Amino acid sequence: MNLLQHHLKVIQAHQPQAWQGLKDIYDSAFELDNGEIQFLGRSWDTPSYSPTVPPHSLGIMLYGMGDGQLIKTLLAQLPAITPVLVIDSQPELAWACLNETDFSTALADPRLRWMVGKPDTLFASFTEALLQQHDQLGLIWLENPLISQIAQLLNDPFLKHFRHLKATLGPQQALAKLPQLEELFLKLAPEMTQTHQQYPLSCRSGCADCCHGSVGFHLCVNPLEWALMHRSLSALPRSERQVVFKQAVTSLASHRDYLVELLYYFDTQPDRLNHPDFHLELLQMAGTHRQEACLMLDEAQRCRVYTGRPLTCRVFGSSHVSQQQPFTCEKDYQQMEQILLDEGAQNHLVDSSAYRKQLRELHQNLEYKHVLNIWLLCHLDFSQGDFKPLRIDYQQFQTLIRHPETLERLLSELEQAAQVSGGTETL
């Protein structure tokens, strides 16, 4: 059995998607000789390329398997849980490369998934594979330089698509939508003003009842919302941020076990994050803990990050979830419920469901969220007694779950900081 036949046998057993793209090929216009690829009267030498990837990457997207040397290098430096997706849109070139060096061990590696096919057949399957990634911001996009060079020469449309995604998926690209979120909140402001002018609502400046009741453990914040909150928090004087930091470490350290529970609770059921039952369960879970105030409240019971507060905080008290259900506290619930019955669709309450739909639309490729206190936990800078620069990727949470030693180190630093700030309370 020659090397090509050996590879094809391994691929059939371990890489079914690649097998579908290779099984009907019996000859190729590409030729390989000692690492040199020859095609259409031209030849290319395999360049030396050995990228270093972050150890906690959520996944690797690689264009071009080539002779397998690059994938062997990557797998050697990646943790056992990090998936690698390799895409080849030139099947004949991939087929020819299989006769160059032995990388059957890499092909059988459970972390590896290899997709091979003509460009027009790859678009749909690759899109589906990308959607299966929990967090697309944590992906590392790489190209096998030799394979990309040849595909570019052939004007391969899939390579263009791959490079487009590589350029557009990432934290900075995601933050480009932040102005749209600000526009959404500006659009909301007049409606809220009208509601407060129309009805005698209790939700006024100076009332912070809804900011108590362990709200930090059940207030879900989307990535772009956190970006606005973080910006408002960063704009505070350093002395005030340090006050928030000290309050945060003291409070969070007293809920160490619950923080871990929340990390796993969100990670294990991403499909339920926008379901009402999920939030009801979360509210019930938070209710079993100490009824403490939101960490963003100051001594006068005013929000320190008011201009950057999330949508839930903006619409609570002056909106409805549906035409029958007001979204408010017990102070006004009965009155608001009667308003909905009397006025029906003609009421002047804010339609919170419409704004939540627009918020979800802004979070395409950012389809995750977390409670406020977990966002704060991941942004504590213990060395400075302050808050870290903004991160909105899911990887910061997933790293804690996939690498228990990292989580344990964070919690240890949290407890030490809490002791310096005045100790932790026992639940």
# chains A, B, ... in the order shown; residues from 1 in each chain; ligands from 1
call {"tool": "select_by_dssp", "arguments": {"residues": "region 146-339 of chain A", "states": "alpha helix (DSSP H)", "output": "PyMOL selection string"}}
result
chain A and resi 146-153+157-168+171-175+178-198+223-234+238-253+256-267+276-287+311-315+330-339
call {"tool": "closest_atom_pairs", "arguments": {"of": "region 248-306 of chain A", "to": "region 312-323 of chain A", "cutoff": "12 Å", "atoms": "only C-alpha atoms", "output": "Markdown table"}}
result
| residue | atom | partner | partner_atom | distance |
| --- | --- | --- | --- | --- |
| A:Pro276 | CA | A:Val321 | CA | 10.8 |
| A:Cys294 | CA | A:Cys313 | CA | 11.3 |
| A:Met296 | CA | A:Cys313 | CA | 11.9 |
| A:Cys303 | CA | A:Cys313 | CA | 10.2 |
| A:Val305 | CA | A:Cys313 | CA | 11.1 |
| A:Tyr306 | CA | A:Cys313 | CA | 9.1 |
call {"tool": "closest_residue", "arguments": {"among": "A:Ala189, A:Leu137, A:Val116, A:Leu178", "to": "Phe158 (chain A)", "atoms": "only C-alpha atoms"}}
result
A:Val116
call {"tool": "atom_distance", "arguments": {"atom1": "CA of Ser214 (chain A)", "atom2": "CA of Leu376 (chain A)"}}
result
14.3 Å
call {"tool": "closest_residue", "arguments": {"among": "A:Gln335, A:Ser251, A:Ser104, A:Gln172", "to": "Ser202 (chain A)", "atoms": "only C-alpha atoms"}}
result
A:Gln335
call {"tool": "closest_residue", "arguments": {"among": "A:Phe123, A:Tyr26, A:Phe327, A:Phe217", "to": "Ala293 (chain A)", "atoms": "only C-alpha atoms"}}
result
A:Phe217
call {"tool": "residues_around", "arguments": {"residues": "region 90-94 of chain A", "least_positions_apart": "5", "cutoff": "12 Å", "atoms": "only C-alpha atoms", "output": "PDB file with N, CA and C atoms, in the first residue's frame"}}
result
ATOM      1  N   LEU A   4      -0.388   7.352  -0.539  1.00  0.00           N
ATOM      2  CA  LEU A   4      -1.684   7.909  -0.914  1.00  0.00           C
ATOM      3  C   LEU A   4      -2.820   6.983  -0.488  1.00  0.00           C
ATOM      4  N   HIS A   7      -3.258   7.064   3.263  1.00  0.00           N
ATOM      5  CA  HIS A   7      -3.952   8.274   3.703  1.00  0.00           C
ATOM      6  C   HIS A   7      -5.453   8.197   3.415  1.00  0.00           C
ATOM      7  N   LEU A   8      -5.804   7.737   2.233  1.00  0.00           N
ATOM      8  CA  LEU A   8      -7.216   7.655   1.876  1.00  0.00           C
ATOM      9  C   LEU A   8      -7.971   6.697   2.786  1.00  0.00           C
ATOM     10  N   GLN A  17     -16.125  14.012   5.796  1.00  0.00           N
ATOM     11  CA  GLN A  17     -16.395  15.123   4.873  1.00  0.00           C
ATOM     12  C   GLN A  17     -15.289  15.244   3.824  1.00  0.00           C
ATOM     13  N   ALA A  18     -14.052  15.065   4.249  1.00  0.00           N
ATOM     14  CA  ALA A  18     -12.949  15.093   3.291  1.00  0.00           C
ATOM     15  C   ALA A  18     -13.050  13.904   2.330  1.00  0.00           C
ATOM     16  N   TRP A  19     -13.461  12.759   2.846  1.00  0.00           N
ATOM     17  CA  TRP A  19     -13.574  11.567   2.001  1.00  0.00           C
ATOM     18  C   TRP A  19     -14.575  11.782   0.869  1.00  0.00           C
ATOM     19  N   GLN A  20     -15.673  12.460   1.158  1.00  0.00           N
ATOM     20  CA  GLN A  20     -16.665  12.716   0.124  1.00  0.00           C
ATOM     21  C   GLN A  20     -16.104  13.569  -1.007  1.00  0.00           C
ATOM     22  N   GLY A  21     -15.182  14.465  -0.678  1.00  0.00           N
ATOM     23  CA  GLY A  21     -14.604  15.326  -1.693  1.00  0.00           C
ATOM     24  C   GLY A  21     -13.428  14.724  -2.436  1.00  0.00           C
ATOM     25  N   LEU A  22     -12.896  13.607  -1.910  1.00  0.00           N
ATOM     26  CA  LEU A  22     -11.690  13.013  -2.505  1.00  0.00           C
ATOM     27  C   LEU A  22     -11.927  11.658  -3.164  1.00  0.00           C
ATOM     28  N   LYS A  23     -13.005  10.984  -2.787  1.00  0.00           N
ATOM     29  CA  LYS A  23     -13.164   9.575  -3.160  1.00  0.00           C
ATOM     30  C   LYS A  23     -13.305   9.338  -4.663  1.00  0.00           C
ATOM     31  N   ASP A  24     -13.759  10.351  -5.407  1.00  0.00           N
ATOM     32  CA  ASP A  24     -13.965  10.158  -6.843  1.00  0.00           C
ATOM     33  C   ASP A  24     -12.815  10.683  -7.690  1.00  0.00           C
ATOM     34  N   ILE A  25     -11.724  11.092  -7.051  1.00  0.00           N
ATOM     35  CA  ILE A  25     -10.564  11.604  -7.780  1.00  0.00           C
ATOM     36  C   ILE A  25      -9.575  10.457  -8.012  1.00  0.00           C
ATOM     37  N   TYR A  26      -9.124  10.295  -9.236  1.00  0.00           N
ATOM     38  CA  TYR A  26      -8.182   9.214  -9.550  1.00  0.00           C
ATOM     39  C   TYR A  26      -6.893   9.741 -10.174  1.00  0.00           C
ATOM     40  N   ASP A  27      -6.907  11.011 -10.521  1.00  0.00           N
ATOM     41  CA  ASP A  27      -5.719  11.606 -11.112  1.00  0.00           C
ATOM     42  C   ASP A  27      -5.779  13.107 -10.857  1.00  0.00           C
ATOM     43  N   SER A  28      -4.638  13.773 -10.952  1.00  0.00           N
ATOM     44  CA  SER A  28      -4.585  15.200 -10.676  1.00  0.00           C
ATOM     45  C   SER A  28      -3.615  15.888 -11.619  1.00  0.00           C
ATOM     46  N   ALA A  29      -3.960  17.127 -11.979  1.00  0.00           N
ATOM     47  CA  ALA A  29      -3.064  17.939 -12.814  1.00  0.00           C
ATOM     48  C   ALA A  29      -1.899  18.498 -12.008  1.00  0.00           C
ATOM     49  N   PHE A  30      -1.979  18.361 -10.687  1.00  0.00           N
ATOM     50  CA  PHE A  30      -0.895  18.822  -9.816  1.00  0.00           C
ATOM     51  C   PHE A  30       0.103  17.688  -9.605  1.00  0.00           C
ATOM     52  N   GLU A  31       1.348  18.032  -9.533  1.00  0.00           N
ATOM     53  CA  GLU A  31       2.400  17.061  -9.247  1.00  0.00           C
ATOM     54  C   GLU A  31       3.271  17.581  -8.109  1.00  0.00           C
ATOM     55  N   LEU A  32       3.700  16.684  -7.252  1.00  0.00           N
ATOM     56  CA  LEU A  32       4.565  17.041  -6.138  1.00  0.00           C
ATOM     57  C   LEU A  32       5.866  16.284  -6.231  1.00  0.00           C
ATOM     58  N   ILE A  37       5.527  21.885  -5.658  1.00  0.00           N
ATOM     59  CA  ILE A  37       4.289  21.644  -6.386  1.00  0.00           C
ATOM     60  C   ILE A  37       4.441  22.184  -7.803  1.00  0.00           C
ATOM     61  N   GLN A  38       4.045  21.379  -8.781  1.00  0.00           N
ATOM     62  CA  GLN A  38       4.112  21.773 -10.187  1.00  0.00           C
ATOM     63  C   GLN A  38       2.709  21.745 -10.770  1.00  0.00           C
ATOM     64  N   PHE A  39       2.388  22.821 -11.507  1.00  0.00           N
ATOM     65  CA  PHE A  39       1.048  22.935 -12.080  1.00  0.00           C
ATOM     66  C   PHE A  39       1.073  23.979 -13.190  1.00  0.00           C
ATOM     67  N   TYR A  63      -7.002  27.385   6.130  1.00  0.00           N
ATOM     68  CA  TYR A  63      -7.237  27.136   4.711  1.00  0.00           C
ATOM     69  C   TYR A  63      -6.026  26.411   4.139  1.00  0.00           C
ATOM     70  N   GLY A  64      -6.247  25.175   3.681  1.00  0.00           N
ATOM     71  CA  GLY A  64      -5.200  24.434   2.989  1.00  0.00           C
ATOM     72  C   GLY A  64      -4.441  23.458   3.866  1.00  0.00           C
ATOM     73  N   MET A  65      -4.669  22.172   3.640  1.00  0.00           N
ATOM     74  CA  MET A  65      -3.936  21.139   4.380  1.00  0.00           C
ATOM     75  C   MET A  65      -2.502  21.018   3.886  1.00  0.00           C
ATOM     76  N   GLY A  66      -2.312  21.049   2.544  1.00  0.00           N
ATOM     77  CA  GLY A  66      -0.967  20.901   1.989  1.00  0.00           C
ATOM     78  C   GLY A  66      -0.386  19.538   2.278  1.00  0.00           C
ATOM     79  N   ASP A  67       0.894  19.502   2.598  1.00  0.00           N
ATOM     80  CA  ASP A  67       1.556  18.219   2.843  1.00  0.00           C
ATOM     81  C   ASP A  67       1.416  17.746   4.284  1.00  0.00           C
ATOM     82  N   GLY A  68       0.603  18.439   5.077  1.00  0.00           N
ATOM     83  CA  GLY A  68       0.342  17.998   6.442  1.00  0.00           C
ATOM     84  C   GLY A  68       1.326  18.484   7.482  1.00  0.00           C
ATOM     85  N   ASN A  99       0.242  12.366  -1.229  1.00  0.00           N
ATOM     86  CA  ASN A  99       1.287  11.420  -1.617  1.00  0.00           C
ATOM     87  C   ASN A  99       2.682  11.952  -1.291  1.00  0.00           C
ATOM     88  N   GLU A 100       2.736  13.005  -0.434  1.00  0.00           N
ATOM     89  CA  GLU A 100       4.022  13.648  -0.176  1.00  0.00           C
ATOM     90  C   GLU A 100       4.649  13.209   1.151  1.00  0.00           C
ATOM     91  N   TRP A 114     -11.652  17.907   8.631  1.00  0.00           N
ATOM     92  CA  TRP A 114     -11.153  18.327   7.327  1.00  0.00           C
ATOM     93  C   TRP A 114     -12.297  18.331   6.328  1.00  0.00           C
ATOM     94  N   MET A 115     -12.490  19.466   5.694  1.00  0.00           N
ATOM     95  CA  MET A 115     -13.517  19.611   4.673  1.00  0.00           C
ATOM     96  C   MET A 115     -12.840  19.845   3.330  1.00  0.00           C
ATOM     97  N   VAL A 116     -13.178  19.026   2.335  1.00  0.00           N
ATOM     98  CA  VAL A 116     -12.608  19.141   0.994  1.00  0.00           C
ATOM     99  C   VAL A 116     -13.747  19.148  -0.016  1.00  0.00           C
ATOM    100  N   GLY A 117     -13.695  20.068  -0.963  1.00  0.00           N
ATOM    101  CA  GLY A 117     -14.719  20.103  -1.998  1.00  0.00           C
ATOM    102  C   GLY A 117     -14.507  21.269  -2.939  1.00  0.00           C
ATOM    103  N   LYS A 118     -15.216  21.265  -4.034  1.00  0.00           N
ATOM    104  CA  LYS A 118     -15.197  22.386  -4.956  1.00  0.00           C
ATOM    105  C   LYS A 118     -15.790  23.609  -4.255  1.00  0.00           C
ATOM    106  N   PRO A 119     -15.358  24.807  -4.645  1.00  0.00           N
ATOM    107  CA  PRO A 119     -15.842  26.012  -3.959  1.00  0.00           C
ATOM    108  C   PRO A 119     -17.357  26.081  -3.822  1.00  0.00           C
ATOM    109  N   ASP A 120     -18.087  25.764  -4.890  1.00  0.00           N
ATOM    110  CA  ASP A 120     -19.542  25.920  -4.839  1.00  0.00           C
ATOM    111  C   ASP A 120     -20.203  24.955  -3.868  1.00  0.00           C
ATOM    112  N   THR A 121     -19.546  23.838  -3.551  1.00  0.00           N
ATOM    113  CA  THR A 121     -20.124  22.876  -2.609  1.00  0.00           C
ATOM    114  C   THR A 121     -19.720  23.155  -1.167  1.00  0.00           C
ATOM    115  N   LEU A 122     -18.725  24.004  -0.982  1.00  0.00           N
ATOM    116  CA  LEU A 122     -18.206  24.243   0.363  1.00  0.00           C
ATOM    117  C   LEU A 122     -18.920  25.363   1.108  1.00  0.00           C
ATOM    118  N   ASN A 144      -2.527  28.232   4.891  1.00  0.00           N
ATOM    119  CA  ASN A 144      -1.318  27.565   4.431  1.00  0.00           C
ATOM    120  C   ASN A 144      -0.821  28.390   3.233  1.00  0.00           C
ATOM    121  N   LEU A 146       1.348  28.269   0.825  1.00  0.00           N
ATOM    122  CA  LEU A 146       1.519  27.685  -0.498  1.00  0.00           C
ATOM    123  C   LEU A 146       0.173  27.377  -1.150  1.00  0.00           C
ATOM    124  N   ILE A 147      -0.729  26.750  -0.409  1.00  0.00           N
ATOM    125  CA  ILE A 147      -2.035  26.380  -0.949  1.00  0.00           C
ATOM    126  C   ILE A 147      -2.842  27.637  -1.290  1.00  0.00           C
ATOM    127  N   SER A 148      -2.760  28.652  -0.428  1.00  0.00           N
ATOM    128  CA  SER A 148      -3.462  29.905  -0.700  1.00  0.00           C
ATOM    129  C   SER A 148      -2.923  30.591  -1.951  1.00  0.00           C
ATOM    130  N   GLN A 149      -1.615  30.529  -2.131  1.00  0.00           N
ATOM    131  CA  GLN A 149      -0.997  31.170  -3.288  1.00  0.00           C
ATOM    132  C   GLN A 149      -1.528  30.564  -4.592  1.00  0.00           C
ATOM    133  N   ILE A 150      -1.614  29.254  -4.619  1.00  0.00           N
ATOM    134  CA  ILE A 150      -2.104  28.577  -5.823  1.00  0.00           C
ATOM    135  C   ILE A 150      -3.594  28.847  -6.022  1.00  0.00           C
ATOM    136  N   ALA A 151      -4.377  28.812  -4.924  1.00  0.00           N
ATOM    137  CA  ALA A 151      -5.814  29.079  -5.029  1.00  0.00           C
ATOM    138  C   ALA A 151      -6.074  30.501  -5.511  1.00  0.00           C
ATOM    139  N   GLN A 152      -5.245  31.425  -5.062  1.00  0.00           N
ATOM    140  CA  GLN A 152      -5.393  32.809  -5.505  1.00  0.00           C
ATOM    141  C   GLN A 152      -5.085  32.930  -6.994  1.00  0.00           C
ATOM    142  N   LEU A 153      -4.074  32.201  -7.457  1.00  0.00           N
ATOM    143  CA  LEU A 153      -3.737  32.191  -8.877  1.00  0.00           C
ATOM    144  C   LEU A 153      -4.913  31.693  -9.711  1.00  0.00           C
ATOM    145  N   LEU A 154      -5.649  30.736  -9.158  1.00  0.00           N
ATOM    146  CA  LEU A 154      -6.789  30.151  -9.859  1.00  0.00           C
ATOM    147  C   LEU A 154      -8.075  30.944  -9.618  1.00  0.00           C
ATOM    148  N   ASN A 155      -7.953  32.072  -8.929  1.00  0.00           N
ATOM    149  CA  ASN A 155      -9.100  32.947  -8.654  1.00  0.00           C
ATOM    150  C   ASN A 155     -10.209  32.184  -7.920  1.00  0.00           C
ATOM    151  N   ASP A 156      -9.824  31.429  -6.922  1.00  0.00           N
ATOM    152  CA  ASP A 156     -10.744  30.579  -6.166  1.00  0.00           C
ATOM    153  C   ASP A 156     -11.725  31.453  -5.359  1.00  0.00           C
ATOM    154  N   PRO A 157     -13.029  31.357  -5.613  1.00  0.00           N
ATOM    155  CA  PRO A 157     -14.001  32.198  -4.888  1.00  0.00           C
ATOM    156  C   PRO A 157     -14.109  31.850  -3.413  1.00  0.00           C
ATOM    157  N   PHE A 158     -13.842  30.576  -3.060  1.00  0.00           N
ATOM    158  CA  PHE A 158     -13.952  30.228  -1.644  1.00  0.00           C
ATOM    159  C   PHE A 158     -12.828  30.868  -0.839  1.00  0.00           C
ATOM    160  N   LEU A 159     -11.628  30.962  -1.415  1.00  0.00           N
ATOM    161  CA  LEU A 159     -10.534  31.633  -0.720  1.00  0.00           C
ATOM    162  C   LEU A 159     -10.905  33.084  -0.440  1.00  0.00           C
TER     163      LEU A 159
END
call {"tool": "residues_around", "arguments": {"residues": "region 348-360 of chain A", "least_positions_apart": "2", "cutoff": "10 Å", "atoms": "only C-alpha atoms", "output": "compact mmCIF listing (two decimals) with C-alpha atoms, in the first residue's frame"}}
result
# COMPACT_ATOMS: atom_id res chain seq x y z
CA GLN A 180 -25.91 51.19 16.09
CA LEU A 181 -26.64 50.18 19.67
CA LEU A 184 -31.14 52.22 19.24
CA PHE A 185 -30.99 53.69 22.74
CA LYS A 187 -34.49 56.07 19.53
CA LEU A 188 -35.82 54.59 22.77
CA ALA A 189 -35.36 57.76 24.86
CA PRO A 190 -38.33 59.79 23.49
CA GLU A 191 -40.67 56.83 23.96
CA MET A 192 -39.61 56.50 27.59
CA THR A 193 -40.10 60.22 28.12
CA GLN A 194 -43.59 60.03 26.66
CA THR A 195 -44.47 57.10 28.94
CA HIS A 196 -43.36 58.96 32.05
CA GLN A 197 -45.31 62.03 31.00
CA GLN A 198 -48.44 59.99 30.33
CA TYR A 199 -48.58 57.89 33.50
CA ASN A 222 -25.12 41.26 25.92
CA LEU A 224 -22.24 45.24 23.05
CA GLU A 225 -24.19 46.33 26.10
CA ASN A 274 -33.23 34.00 24.89
CA LEU A 311 -31.62 47.74 27.65
CA THR A 312 -33.28 45.89 30.55
CA ARG A 314 -33.80 51.29 30.42
CA VAL A 315 -37.18 49.70 29.75
CA PHE A 316 -37.95 48.27 33.20
CA GLY A 317 -40.82 50.14 34.80
CA SER A 318 -42.10 51.89 31.70
CA SER A 319 -42.71 49.12 29.17
CA HIS A 320 -44.63 45.97 28.45
CA VAL A 321 -43.37 42.53 27.45
CA SER A 322 -46.56 41.85 25.52
CA GLN A 323 -49.94 43.52 25.14
CA PRO A 326 -46.30 44.87 31.97
CA PHE A 327 -42.54 44.87 32.58
CA MET A 336 -49.87 49.00 34.53
CA ILE A 339 -53.64 50.25 31.67
CA LEU A 340 -52.93 47.44 29.26
CA GLU A 343 -55.94 50.97 26.44
CA GLY A 344 -54.80 47.82 24.65
CA ALA A 345 -52.66 48.49 21.60
CA GLN A 346 -53.21 52.24 21.96
CA LEU A 362 -27.23 43.61 16.40
CA HIS A 363 -25.66 40.57 18.06
CA GLN A 364 -25.29 38.31 15.06
CA LEU A 366 -22.22 37.54 19.22
CA GLU A 367 -25.03 35.23 20.24
CA TYR A 368 -24.16 34.89 23.91
call {"tool": "atom_distance", "arguments": {"atom1": "CA of Leu263 (chain A)", "atom2": "CA of Ile401 (chain A)"}}
result
7.1 Å
call {"tool": "select_by_dssp", "arguments": {"residues": "region 141-363 of chain A", "states": "strand (DSSP E)", "output": "PyMOL selection string"}}
result
chain A and resi 141-143+220-221+319-320+326-327+350-351
call {"tool": "residues_around", "arguments": {"residues": "Leu414 (chain A)", "least_positions_apart": "2", "cutoff": "12 Å", "atoms": "only C-alpha atoms", "output": "PyMOL selection string"}}
result
chain A and resi 245-256+259+376-383+385+407-412+416-421+423-424
call {"tool": "closest_residue", "arguments": {"among": "A:Ala174, A:Leu70, A:Leu107, A:Leu62", "to": "Asp88 (chain A)", "atoms": "only C-alpha atoms"}}
result
A:Leu62
call {"tool": "atom_distance", "arguments": {"atom1": "CA of Thr399 (chain A)", "atom2": "CA of Pro171 (chain A)"}}
result
16.6 Å
